[in-house]
Amino acid sequence: MTATSIAASNTPTRDRLGRPLRDLRISITDRCNFRCTYCMPKEVFGKDYQFLERSALLSFEEITRLARAFVQHGVEKIRLTGGEPLIRRNIEQLIAMLAEIPGLDLTLTTNGSSLAKKAASLKAAGLKRITVSLDSLDDAVFMGMNDVDFPVAKVLEGIDAAAAAGLAPIKINMVVKRGVNEHSIVPMARYFKQQGHILRFIEFMDVGHTNGWRMDDVVSAREIVDLISKDMPLEPADPNYTGEVAERWRYKDGGGEIGVIASVTQAFCKDCTRARISTEGKLYTCLFATSGHDLRALLRNGASDEALHAAIAGVWTKRADRYSEIRSEKTVKLEKIEMSYIGG
Ligand code: SAM
Ligand code: SF4
Ligand code: SF4
C-alpha cells in the first residue's frame, strides 16, 4: 500500500506487534507553573533550566497539519498535554482548529490551576471533556507534591468550573507515591464519588531520569483497590474499549466508578496504541523512549502530504516498544525523555 492510499483509507497503521495507531498525545509546551516532585523536581527544573525557545515550538498550524495526518493513519483521540497546556497562549484558538477535524475525540490534561478562568472559553472553542490532575485533598500534602504551595481549593474551583461549563465527563488523575500521599486515597475516592467525577489512580512511574524513582515508592493498583474496597466495596467493570489504559472498577452501591493505571505492576504494552509528539515536534512511540523522530524538520522543509504520511507510517510500522513489560534495574537508569517534554 502506498503512503497516499494509507492516507486515503483511514485504516489504522499497525506496528510490528500488530498494534494499531489510535491515540495521539501532543505536548504543546514544556513549561509548567508547578514543580511536582515526581515530574519536574525543582533541583533539575530550577531558575537556570533552559526551556525551549518559542520558535522551537510547533505552531498551531503545524500541530493541526500533523493532527490531520495522524487521523488518516487511524488516530481517533488526541490529548493535548505538556508541561501545563493551559499556559500556552491562545490555546482556545488551537482547540477551535482541532475541533474542526471530523470524528475526532479531543481532550486535554491540566493541573487545573487556571481552569476556573478558562473552562468556559475552552468549552466554547470546542473542547468536549477534560482530565484534571490532583494528588490530595490535604493542602499540606498537595503543596508538598506540587512544590509551589498551590492550594487544593483552587484546583477544586477549576473542576467545578469545568463541570458548570459542561465539560464532561471530568476525570481526575492522582499519582500515588508511597509515604507521600497514600493516606489521601480514600478521602479522594469518597469526595469524587460524591461529586460524580471519575477518579483515576496512577502508579508512580520511572518516566524521565530525574525523579529518583524507586520500586519501593510504588503503591500498586491492587493495594489501592483493596484499600478503597474496605470502605466502599468495588467490583471490576469491563473496559470501554480495547487498549483502555485505566482498569475500571465500579462501586457496588451504584455510585459511579474509579480507574487504576497500573503501568508498573500490570504492564499493558500489548494493547498500547499511543504515539506522542513532543513540544518541538518529535514523534515518540513510547512514553519511556530515549529518542524520537523529527517531524518538525519535515514540516519546515516543505514536505508534501505524501512525504509526511510516509514518515509517520515508516516510524509506526517499525515500532516494537514494550518498555513496561521489560522494565529492569538497567532500563530504569536509561536517559529517558522527561515527561514534561514528551507529554504525559
Ligand atoms: N501538567 C498537566 C497535568 O499535570 O495534568 C499535564 C501534563 S502531566 C505530565 C500529565 C500527567 O502525568 C499528570 O496526570 C501527572 O500527574 C502524570 N505524571 C507526571 N509524572 C508522573 C510519574 N512520574 N508517574 C506517574 N504519573 C506521572
Ligand atoms: Fe507540571 Fe503536570 Fe508535571 Fe506537575 S505533572 S510538574 S503539573 S507537567
Ligand atoms: Fe506503551 Fe511504552 Fe507504556 Fe508500554 S511502556 S504501554 S509501549 S508507552
# chains A, B, ... in the order shown; residues from 1 in each chain; ligands from 1

call {"tool": "closest_atom_pairs", "arguments": {"of": "chain A", "to": "ligand 1", "cutoff": "6 Å", "atoms": "only C-alpha atoms and all ligand atoms", "output": "JSON lines"}}
result
{"residue": "A:Tyr38", "atom": "CA", "partner": "ligand 1", "partner_atom_place_in_ligand_line": "23 (N)", "distance": 4.6}
{"residue": "A:Cys39", "atom": "CA", "partner": "ligand 1", "partner_atom_place_in_ligand_line": "20 (N)", "distance": 4.1}
{"residue": "A:Thr81", "atom": "CA", "partner": "ligand 1", "partner_atom_place_in_ligand_line": "6 (C)", "distance": 4.8}
{"residue": "A:Gly82", "atom": "CA", "partner": "ligand 1", "partner_atom_place_in_ligand_line": "7 (C)", "distance": 4.5}
{"residue": "A:Gly83", "atom": "CA", "partner": "ligand 1", "partner_atom_place_in_ligand_line": "1 (N)", "distance": 4.8}
{"residue": "A:Glu84", "atom": "CA", "partner": "ligand 1", "partner_atom_place_in_ligand_line": "1 (N)", "distance": 3.8}
{"residue": "A:Thr109", "atom": "CA", "partner": "ligand 1", "partner_atom_place_in_ligand_line": "5 (O)", "distance": 4.6}
{"residue": "A:Thr110", "atom": "CA", "partner": "ligand 1", "partner_atom_place_in_ligand_line": "5 (O)", "distance": 3.7}
{"residue": "A:Asn111", "atom": "CA", "partner": "ligand 1", "partner_atom_place_in_ligand_line": "3 (C)", "distance": 4.1}
{"residue": "A:Val132", "atom": "CA", "partner": "ligand 1", "partner_atom_place_in_ligand_line": "5 (O)", "distance": 5.6}
{"residue": "A:Ser133", "atom": "CA", "partner": "ligand 1", "partner_atom_place_in_ligand_line": "5 (O)", "distance": 4.5}
{"residue": "A:Asn173", "atom": "CA", "partner": "ligand 1", "partner_atom_place_in_ligand_line": "14 (O)", "distance": 5.0}
{"residue": "A:Val175", "atom": "CA", "partner": "ligand 1", "partner_atom_place_in_ligand_line": "16 (O)", "distance": 5.3}
{"residue": "A:Ile202", "atom": "CA", "partner": "ligand 1", "partner_atom_place_in_ligand_line": "25 (C)", "distance": 5.7}
{"residue": "A:Glu203", "atom": "CA", "partner": "ligand 1", "partner_atom_place_in_ligand_line": "25 (C)", "distance": 5.7}
{"residue": "A:Phe204", "atom": "CA", "partner": "ligand 1", "partner_atom_place_in_ligand_line": "24 (N)", "distance": 3.9}
{"residue": "A:Met205", "atom": "CA", "partner": "ligand 1", "partner_atom_place_in_ligand_line": "24 (N)", "distance": 3.7}
{"residue": "A:Asp206", "atom": "CA", "partner": "ligand 1", "partner_atom_place_in_ligand_line": "23 (N)", "distance": 5.6}
{"residue": "A:Val207", "atom": "CA", "partner": "ligand 1", "partner_atom_place_in_ligand_line": "23 (N)", "distance": 5.3}
{"residue": "A:Met339", "atom": "CA", "partner": "ligand 1", "partner_atom_place_in_ligand_line": "9 (C)", "distance": 5.2}
{"residue": "A:Ser340", "atom": "CA", "partner": "ligand 1", "partner_atom_place_in_ligand_line": "9 (C)", "distance": 4.9}
{"residue": "A:Gly343", "atom": "CA", "partner": "ligand 1", "partner_atom_place_in_ligand_line": "9 (C)", "distance": 5.5}
{"residue": "A:Gly344", "atom": "CA", "partner": "ligand 1", "partner_atom_place_in_ligand_line": "10 (C)", "distance": 3.9}

call {"tool": "closest_atom_pairs", "arguments": {"of": "chain A", "to": "ligand 3", "cutoff": "6 Å", "atoms": "only C-alpha atoms and all ligand atoms", "output": "tab-separated table"}}
result
residue	atom	partner	partner_atom_place_in_ligand_line	distance
A:Phe268	CA	ligand 3	6 (S)	5.1
A:Cys269	CA	ligand 3	4 (Fe)	3.6
A:Cys272	CA	ligand 3	1 (Fe)	4.6
A:Cys286	CA	ligand 3	2 (Fe)	3.8
A:Leu287	CA	ligand 3	8 (S)	4.2
A:Phe288	CA	ligand 3	2 (Fe)	5.8
A:Asp321	CA	ligand 3	7 (S)	4.7
A:Arg322	CA	ligand 3	7 (S)	4.2
A:Tyr323	CA	ligand 3	5 (S)	4.1
A:Ser324	CA	ligand 3	5 (S)	4.2

call {"tool": "write_last_selection", "arguments": {"atoms": "all heavy atoms", "output": "CSV table (one decimal), in the first residue's frame"}}
result
chain,number,residue,atom,x,y,z
A,268,PHE,N,0.6,-2.8,30.3
A,268,PHE,CA,-0.4,-3.0,29.2
A,268,PHE,C,0.1,-2.7,27.8
A,268,PHE,O,-0.6,-2.3,27.0
A,268,PHE,CB,-1.6,-2.2,29.5
A,268,PHE,CG,-1.3,-0.8,30.1
A,268,PHE,CD1,-0.9,0.2,29.3
A,268,PHE,CD2,-1.5,-0.6,31.5
A,268,PHE,CE1,-0.6,1.5,29.9
A,268,PHE,CE2,-1.2,0.7,32.0
A,268,PHE,CZ,-0.8,1.7,31.2
A,269,CYS,N,1.5,-3.0,27.6
A,269,CYS,CA,2.1,-2.7,26.3
A,269,CYS,C,1.4,-3.4,25.2
A,269,CYS,O,1.4,-2.9,24.1
A,269,CYS,CB,3.6,-3.0,26.4
A,269,CYS,SG,4.5,-2.2,27.6
A,272,CYS,N,-1.0,-1.2,23.6
A,272,CYS,CA,-0.7,0.2,23.5
A,272,CYS,C,-0.8,0.8,22.1
A,272,CYS,O,0.0,0.4,21.2
A,272,CYS,CB,0.7,0.4,24.1
A,272,CYS,SG,1.2,2.2,24.1
A,286,CYS,N,6.9,5.6,22.5
A,286,CYS,CA,6.7,5.0,23.8
A,286,CYS,C,7.0,6.2,24.8
A,286,CYS,O,7.9,7.0,24.6
A,286,CYS,CB,7.7,3.9,24.0
A,286,CYS,SG,7.7,3.2,25.7
A,287,LEU,N,6.3,6.1,25.9
A,287,LEU,CA,6.5,7.1,27.0
A,287,LEU,C,7.9,7.1,27.6
A,287,LEU,O,8.4,8.0,28.1
A,287,LEU,CB,5.5,6.9,28.1
A,287,LEU,CG,5.5,7.7,29.4
A,287,LEU,CD1,5.3,9.2,29.0
A,287,LEU,CD2,4.3,7.3,30.3
A,288,PHE,N,8.5,5.9,27.4
A,288,PHE,CA,9.9,5.7,28.0
A,288,PHE,C,11.0,5.7,27.0
A,288,PHE,O,12.0,5.2,27.2
A,288,PHE,CB,9.9,4.4,28.8
A,288,PHE,CG,8.9,4.4,29.9
A,288,PHE,CD1,7.6,3.9,29.7
A,288,PHE,CD2,9.2,4.9,31.2
A,288,PHE,CE1,6.6,3.9,30.7
A,288,PHE,CE2,8.2,4.8,32.2
A,288,PHE,CZ,6.9,4.4,32.0
A,321,ASP,N,8.0,-1.2,20.7
A,321,ASP,CA,8.2,-0.8,22.1
A,321,ASP,C,7.4,-1.7,23.0
A,321,ASP,O,6.2,-1.9,22.8
A,321,ASP,CB,7.8,0.6,22.3
A,321,ASP,CG,8.6,1.6,21.4
A,321,ASP,OD1,9.8,1.8,21.7
A,321,ASP,OD2,8.0,2.0,20.4
A,322,ARG,N,7.9,-2.0,24.2
A,322,ARG,CA,7.2,-2.7,25.3
A,322,ARG,C,7.9,-2.5,26.6
A,322,ARG,O,8.1,-3.4,27.4
A,322,ARG,CB,6.9,-4.2,24.9
A,322,ARG,CG,8.1,-4.9,24.3
A,322,ARG,CD,7.7,-6.3,23.8
A,322,ARG,NE,7.5,-7.2,24.8
A,322,ARG,CZ,8.5,-8.0,25.3
A,322,ARG,NH1,9.8,-7.9,24.9
A,322,ARG,NH2,8.2,-8.9,26.3
A,323,TYR,N,8.3,-1.2,26.8
A,323,TYR,CA,9.2,-0.9,28.0
A,323,TYR,C,8.7,-1.5,29.3
A,323,TYR,O,9.4,-2.1,30.0
A,323,TYR,CB,9.3,0.6,28.1
A,323,TYR,CG,10.1,1.0,29.3
A,323,TYR,CD1,11.5,1.2,29.1
A,323,TYR,CD2,9.6,1.2,30.5
A,323,TYR,CE1,12.3,1.5,30.2
A,323,TYR,CE2,10.4,1.5,31.6
A,323,TYR,CZ,11.7,1.7,31.4
A,323,TYR,OH,12.5,2.0,32.5
A,324,SER,N,7.4,-1.3,29.6
A,324,SER,CA,6.9,-1.7,30.9
A,324,SER,C,6.9,-3.2,31.1
A,324,SER,O,7.0,-3.7,32.2
A,324,SER,CB,5.4,-1.2,31.2
A,324,SER,OG,5.5,0.2,31.4

call {"tool": "select_by_dssp", "arguments": {"residues": "region 237-323 of chain A", "states": "strand (DSSP E)", "output": "number ranges by chain"}}
result
A: 247-251, 257-261, 274-277, 282-284, 293-294

call {"tool": "closest_residue", "arguments": {"among": "A:Gly212, A:Gly166, A:Pro41, A:Gly281", "to": "ligand 2", "atoms": "only C-alpha atoms and all ligand atoms"}}
result
A:Pro41

call {"tool": "residues_around", "arguments": {"residues": "Glu223 (chain A)", "least_positions_apart": "6", "cutoff": "12 Å", "atoms": "only C-alpha atoms", "output": "list in words"}}
result
Val176, Arg178, Glu182, Ile185, Val186, Phe201, Glu203, Ser229, Lys230, Val260, Ala262 and Thr265 of chain A

call {"tool": "write_last_selection", "arguments": {"atoms": "N, CA and C atoms", "output": "CSV table (one decimal), in the first residue's frame"}}
result
chain,number,residue,atom,x,y,z
A,176,VAL,N,0.0,8.2,42.9
A,176,VAL,CA,0.2,7.8,44.3
A,176,VAL,C,1.7,7.4,44.5
A,178,ARG,N,4.3,6.2,47.6
A,178,ARG,CA,4.3,5.6,49.0
A,178,ARG,C,5.0,6.6,50.0
A,182,GLU,N,-0.4,8.2,50.2
A,182,GLU,CA,-1.4,7.1,50.1
A,182,GLU,C,-2.5,7.3,51.1
A,185,ILE,N,-5.8,8.5,49.5
A,185,ILE,CA,-6.5,7.7,48.5
A,185,ILE,C,-8.0,7.6,48.9
A,186,VAL,N,-8.3,7.2,50.1
A,186,VAL,CA,-9.7,7.0,50.5
A,186,VAL,C,-10.5,8.4,50.5
A,201,PHE,N,-6.4,6.4,39.6
A,201,PHE,CA,-5.1,6.4,40.4
A,201,PHE,C,-4.0,5.9,39.5
A,203,GLU,N,-0.1,4.6,39.1
A,203,GLU,CA,1.1,4.2,39.8
A,203,GLU,C,2.3,5.1,39.5
A,229,SER,N,-11.9,-0.5,48.7
A,229,SER,CA,-13.0,-1.5,48.8
A,229,SER,C,-13.4,-1.8,50.2
A,230,LYS,N,-12.4,-1.6,51.2
A,230,LYS,CA,-12.7,-1.9,52.6
A,230,LYS,C,-13.8,-0.9,53.1
A,260,VAL,N,-7.8,2.5,37.7
A,260,VAL,CA,-6.4,2.4,38.2
A,260,VAL,C,-5.5,2.2,37.0
A,262,ALA,N,-2.2,0.8,36.1
A,262,ALA,CA,-1.1,0.0,36.7
A,262,ALA,C,0.0,-0.2,35.8
A,265,THR,N,2.9,-2.3,37.7
A,265,THR,CA,2.7,-3.7,38.2
A,265,THR,C,1.9,-4.6,37.3

call {"tool": "residues_around", "arguments": {"residues": "region 190-193 of chain A", "least_positions_apart": "6", "cutoff": "10 Å", "atoms": "only C-alpha atoms", "output": "PyMOL selection string"}}
result
chain A and resi 137+171-172+199+228+231-232+251+255-258

call {"tool": "write_last_selection", "arguments": {"atoms": "all heavy atoms", "output": "short mmCIF file (atom, residue, chain, number, x, y, z; two decimals), in the first residue's frame"}}
result
data_model
loop_
_atom_site.label_atom_id
_atom_site.label_comp_id
_atom_site.auth_asym_id
_atom_site.auth_seq_id
_atom_site.Cartn_x
_atom_site.Cartn_y
_atom_site.Cartn_z
N LEU A 137 -6.43 15.90 48.83
CA LEU A 137 -7.35 16.97 49.26
C LEU A 137 -6.75 17.70 50.46
O LEU A 137 -7.33 18.65 50.97
CB LEU A 137 -8.70 16.36 49.66
CG LEU A 137 -9.55 15.80 48.53
CD1 LEU A 137 -10.79 15.13 49.09
CD2 LEU A 137 -9.95 16.89 47.53
N LYS A 171 -12.45 13.70 34.34
CA LYS A 171 -11.66 12.66 35.01
C LYS A 171 -10.60 13.34 35.86
O LYS A 171 -10.08 14.40 35.48
CB LYS A 171 -10.99 11.75 33.98
CG LYS A 171 -12.02 10.90 33.24
CD LYS A 171 -11.35 9.94 32.29
CE LYS A 171 -12.41 9.16 31.51
NZ LYS A 171 -11.87 8.56 30.31
N ILE A 172 -10.30 12.74 36.99
CA ILE A 172 -9.27 13.28 37.88
C ILE A 172 -8.13 12.27 37.95
O ILE A 172 -8.38 11.08 38.16
CB ILE A 172 -9.83 13.49 39.33
CG1 ILE A 172 -11.21 14.16 39.32
CG2 ILE A 172 -8.83 14.23 40.20
CD1 ILE A 172 -11.28 15.54 38.77
N LEU A 199 -12.37 9.23 39.26
CA LEU A 199 -11.01 9.38 39.79
C LEU A 199 -10.16 8.22 39.30
O LEU A 199 -10.58 7.07 39.37
CB LEU A 199 -11.09 9.39 41.32
CG LEU A 199 -9.79 9.44 42.11
CD1 LEU A 199 -8.95 10.67 41.74
CD2 LEU A 199 -10.08 9.46 43.62
N ILE A 228 -9.63 0.97 49.07
CA ILE A 228 -10.91 1.66 48.87
C ILE A 228 -12.07 0.71 49.14
O ILE A 228 -13.06 1.06 49.77
CB ILE A 228 -11.02 2.23 47.43
CG1 ILE A 228 -9.91 3.25 47.20
CG2 ILE A 228 -12.38 2.88 47.18
CD1 ILE A 228 -9.81 3.72 45.77
N ASP A 231 -13.74 0.32 52.53
CA ASP A 231 -14.68 1.37 52.92
C ASP A 231 -15.90 1.42 52.01
O ASP A 231 -17.02 1.61 52.45
CB ASP A 231 -13.97 2.72 52.73
CG ASP A 231 -13.62 3.34 54.02
OD1 ASP A 231 -13.06 2.62 54.86
OD2 ASP A 231 -13.91 4.55 54.18
N MET A 232 -15.62 1.30 50.71
CA MET A 232 -16.67 1.46 49.70
C MET A 232 -16.47 0.32 48.69
O MET A 232 -15.68 0.46 47.75
CB MET A 232 -16.51 2.83 49.01
CG MET A 232 -16.69 3.99 49.96
SD MET A 232 -16.17 5.57 49.23
CE MET A 232 -14.42 5.53 49.50
N TYR A 251 -18.35 1.07 41.95
CA TYR A 251 -18.83 0.92 43.31
C TYR A 251 -20.05 0.00 43.30
O TYR A 251 -20.96 0.20 42.48
CB TYR A 251 -19.19 2.29 43.91
CG TYR A 251 -17.97 3.15 44.15
CD1 TYR A 251 -17.70 4.27 43.36
CD2 TYR A 251 -17.08 2.83 45.17
CE1 TYR A 251 -16.58 5.06 43.58
CE2 TYR A 251 -15.94 3.61 45.40
CZ TYR A 251 -15.69 4.72 44.61
OH TYR A 251 -14.57 5.48 44.82
N GLY A 255 -22.72 3.84 42.88
CA GLY A 255 -22.29 5.25 42.96
C GLY A 255 -21.11 5.61 42.09
O GLY A 255 -20.21 6.33 42.52
N GLY A 256 -21.05 5.10 40.87
CA GLY A 256 -20.00 5.52 39.94
C GLY A 256 -18.82 4.57 39.89
O GLY A 256 -18.93 3.41 40.29
N GLU A 257 -17.71 5.04 39.39
CA GLU A 257 -16.56 4.17 39.16
C GLU A 257 -15.23 4.88 39.40
O GLU A 257 -15.18 6.12 39.47
CB GLU A 257 -16.59 3.64 37.72
CG GLU A 257 -16.41 4.72 36.66
CD GLU A 257 -16.44 4.17 35.24
OE1 GLU A 257 -17.55 3.90 34.76
OE2 GLU A 257 -15.36 4.02 34.62
N ILE A 258 -14.16 4.08 39.53
CA ILE A 258 -12.80 4.62 39.57
C ILE A 258 -11.99 3.89 38.50
O ILE A 258 -12.47 2.90 37.92
CB ILE A 258 -12.12 4.40 40.94
CG1 ILE A 258 -12.01 2.89 41.25
CG2 ILE A 258 -12.83 5.14 42.06
CD1 ILE A 258 -10.87 2.55 42.19
#

call {"tool": "residues_around", "arguments": {"residues": "region 293-303 of chain A", "least_positions_apart": "5", "cutoff": "10 Å", "atoms": "only C-alpha atoms", "output": "list of chain:residue names"}}
result
A:Ala56, A:Leu57, A:Leu58, A:Ser59, A:Glu62, A:Ile63, A:Arg65, A:Leu66, A:Ile277, A:Ser278, A:Thr279, A:Glu280, A:Gly281, A:Lys282, A:Leu283, A:Tyr284, A:Thr285, A:Leu308, A:His309, A:Ala311, A:Ile312, A:Val315

call {"tool": "residues_around", "arguments": {"residues": "Lys252 (chain A)", "least_positions_apart": "6", "cutoff": "8 Å", "atoms": "only C-alpha atoms", "output": "number ranges by chain"}}
result
A: 232-235

call {"tool": "atom_distance", "arguments": {"atom1": "CA of Arg248 (chain A)", "atom2": "CA of Pro236 (chain A)"}}
result
6.2 Å

call {"tool": "residues_around", "arguments": {"residues": "Pro151 (chain A)", "least_positions_apart": "6", "cutoff": "10 Å", "atoms": "only C-alpha atoms", "output": "ChimeraX atom specification"}}
result
/A:113,137-143

call {"tool": "closest_residue", "arguments": {"among": "A:Val44, A:Met174, A:Leu17, A:Leu167", "to": "Ala125 (chain A)", "atoms": "only C-alpha atoms"}}
result
A:Leu167

call {"tool": "atom_distance", "arguments": {"atom1": "CA of Arg14 (chain A)", "atom2": "CA of Arg79 (chain A)"}}
result
20.2 Å

call {"tool": "select_by_dssp", "arguments": {"residues": "region 35-220 of chain A", "states": "helix (DSSP H, G or I)", "output": "VMD selection string"}}
result
chain A and resid 54 to 56 60 to 71 85 to 87 91 to 99 115 to 125 139 to 146 152 to 165 182 to 195 215 to 217

call {"tool": "write_last_selection", "arguments": {"atoms": "C-alpha atoms", "output": "CSV table (one decimal), in the first residue's frame"}}
result
chain,number,residue,atom,x,y,z
A,54,ARG,CA,9.2,30.0,21.3
A,55,SER,CA,10.4,29.5,17.7
A,56,ALA,CA,11.2,25.8,18.5
A,60,PHE,CA,-0.9,25.9,15.8
A,61,GLU,CA,-0.9,25.4,12.0
A,62,GLU,CA,1.9,22.8,12.3
A,63,ILE,CA,0.1,20.9,15.1
A,64,THR,CA,-3.2,20.9,13.1
A,65,ARG,CA,-1.5,19.6,10.0
A,66,LEU,CA,0.1,16.8,11.9
A,67,ALA,CA,-3.2,16.0,13.7
A,68,ARG,CA,-5.0,15.7,10.4
A,69,ALA,CA,-2.2,13.5,9.0
A,70,PHE,CA,-2.3,11.2,12.1
A,71,VAL,CA,-6.1,10.9,11.9
A,85,PRO,CA,-1.1,23.1,28.4
A,86,LEU,CA,-3.2,25.9,29.7
A,87,ILE,CA,-0.2,28.2,29.9
A,91,ILE,CA,-4.8,27.6,23.4
A,92,GLU,CA,-8.5,28.2,22.6
A,93,GLN,CA,-7.5,29.0,19.0
A,94,LEU,CA,-5.7,25.7,18.7
A,95,ILE,CA,-8.7,23.8,20.2
A,96,ALA,CA,-11.0,25.5,17.7
A,97,MET,CA,-8.7,24.4,14.8
A,98,LEU,CA,-8.5,20.8,16.1
A,99,ALA,CA,-12.2,20.6,16.8
A,115,LEU,CA,-9.2,26.2,34.9
A,116,ALA,CA,-11.6,28.3,36.9
A,117,LYS,CA,-10.7,31.2,34.5
A,118,LYS,CA,-10.5,29.1,31.3
A,119,ALA,CA,-13.2,26.4,31.5
A,120,ALA,CA,-15.9,28.3,29.7
A,121,SER,CA,-13.7,29.6,26.9
A,122,LEU,CA,-12.2,26.1,26.3
A,123,LYS,CA,-15.8,24.7,26.1
A,124,ALA,CA,-16.8,27.4,23.7
A,125,ALA,CA,-13.8,26.7,21.5
A,139,ASP,CA,-3.2,21.1,51.5
A,140,ALA,CA,0.0,20.2,53.2
A,141,VAL,CA,0.3,17.0,51.2
A,142,PHE,CA,-0.7,18.6,47.9
A,143,MET,CA,1.5,21.7,48.3
A,144,GLY,CA,4.5,19.4,49.2
A,145,MET,CA,3.8,17.5,46.0
A,146,ASN,CA,3.3,20.4,43.6
A,152,VAL,CA,-6.2,22.4,46.8
A,153,ALA,CA,-9.2,24.8,46.8
A,154,LYS,CA,-8.2,26.5,43.6
A,155,VAL,CA,-8.0,23.2,41.7
A,156,LEU,CA,-11.4,22.2,43.1
A,157,GLU,CA,-12.7,25.6,41.9
A,158,GLY,CA,-11.4,24.8,38.5
A,159,ILE,CA,-13.0,21.3,38.5
A,160,ASP,CA,-16.4,22.9,39.5
A,161,ALA,CA,-16.0,25.5,36.7
A,162,ALA,CA,-15.3,22.7,34.2
A,163,ALA,CA,-18.5,20.9,35.3
A,164,ALA,CA,-20.5,24.1,35.2
A,165,ALA,CA,-19.2,24.8,31.6
A,182,GLU,CA,-1.4,7.1,50.1
A,183,HIS,CA,-3.4,8.4,53.1
A,184,SER,CA,-5.2,10.6,50.6
A,185,ILE,CA,-6.5,7.7,48.5
A,186,VAL,CA,-9.7,7.0,50.5
A,187,PRO,CA,-10.7,10.7,51.1
A,188,MET,CA,-10.1,11.4,47.4
A,189,ALA,CA,-12.3,8.4,46.4
A,190,ARG,CA,-15.0,9.5,48.7
A,191,TYR,CA,-15.1,13.1,47.6
A,192,PHE,CA,-15.1,12.4,43.8
A,193,LYS,CA,-17.7,9.6,44.2
A,194,GLN,CA,-19.9,12.1,45.8
A,195,GLN,CA,-19.1,14.7,43.0
A,215,MET,CA,10.1,0.5,43.1
A,216,ASP,CA,9.6,0.8,46.9
A,217,ASP,CA,7.7,4.1,46.3

call {"tool": "closest_residue", "arguments": {"among": "A:Leu127, A:Val219, A:Ala310, A:Val264", "to": "Val332 (chain A)", "atoms": "only C-alpha atoms"}}
result
A:Val264

call {"tool": "closest_residue", "arguments": {"among": "A:Ser263, A:Thr13, A:Gln72, A:Ser27", "to": "ligand 2", "atoms": "only C-alpha atoms and all ligand atoms"}}
result
A:Ser27

call {"tool": "atom_distance", "arguments": {"atom1": "CA of Arg25 (chain A)", "atom2": "CA of Arg88 (chain A)"}}
result
15.5 Å

call {"tool": "closest_residue", "arguments": {"among": "A:Lys333, A:Asp253, A:Leu106, A:Tyr341", "to": "ligand 2", "atoms": "only C-alpha atoms and all ligand atoms"}}
result
A:Tyr341

call {"tool": "closest_residue", "arguments": {"among": "A:Gly196, A:Ile342, A:Asn240, A:Gly74", "to": "ligand 2", "atoms": "only C-alpha atoms and all ligand atoms"}}
result
A:Ile342
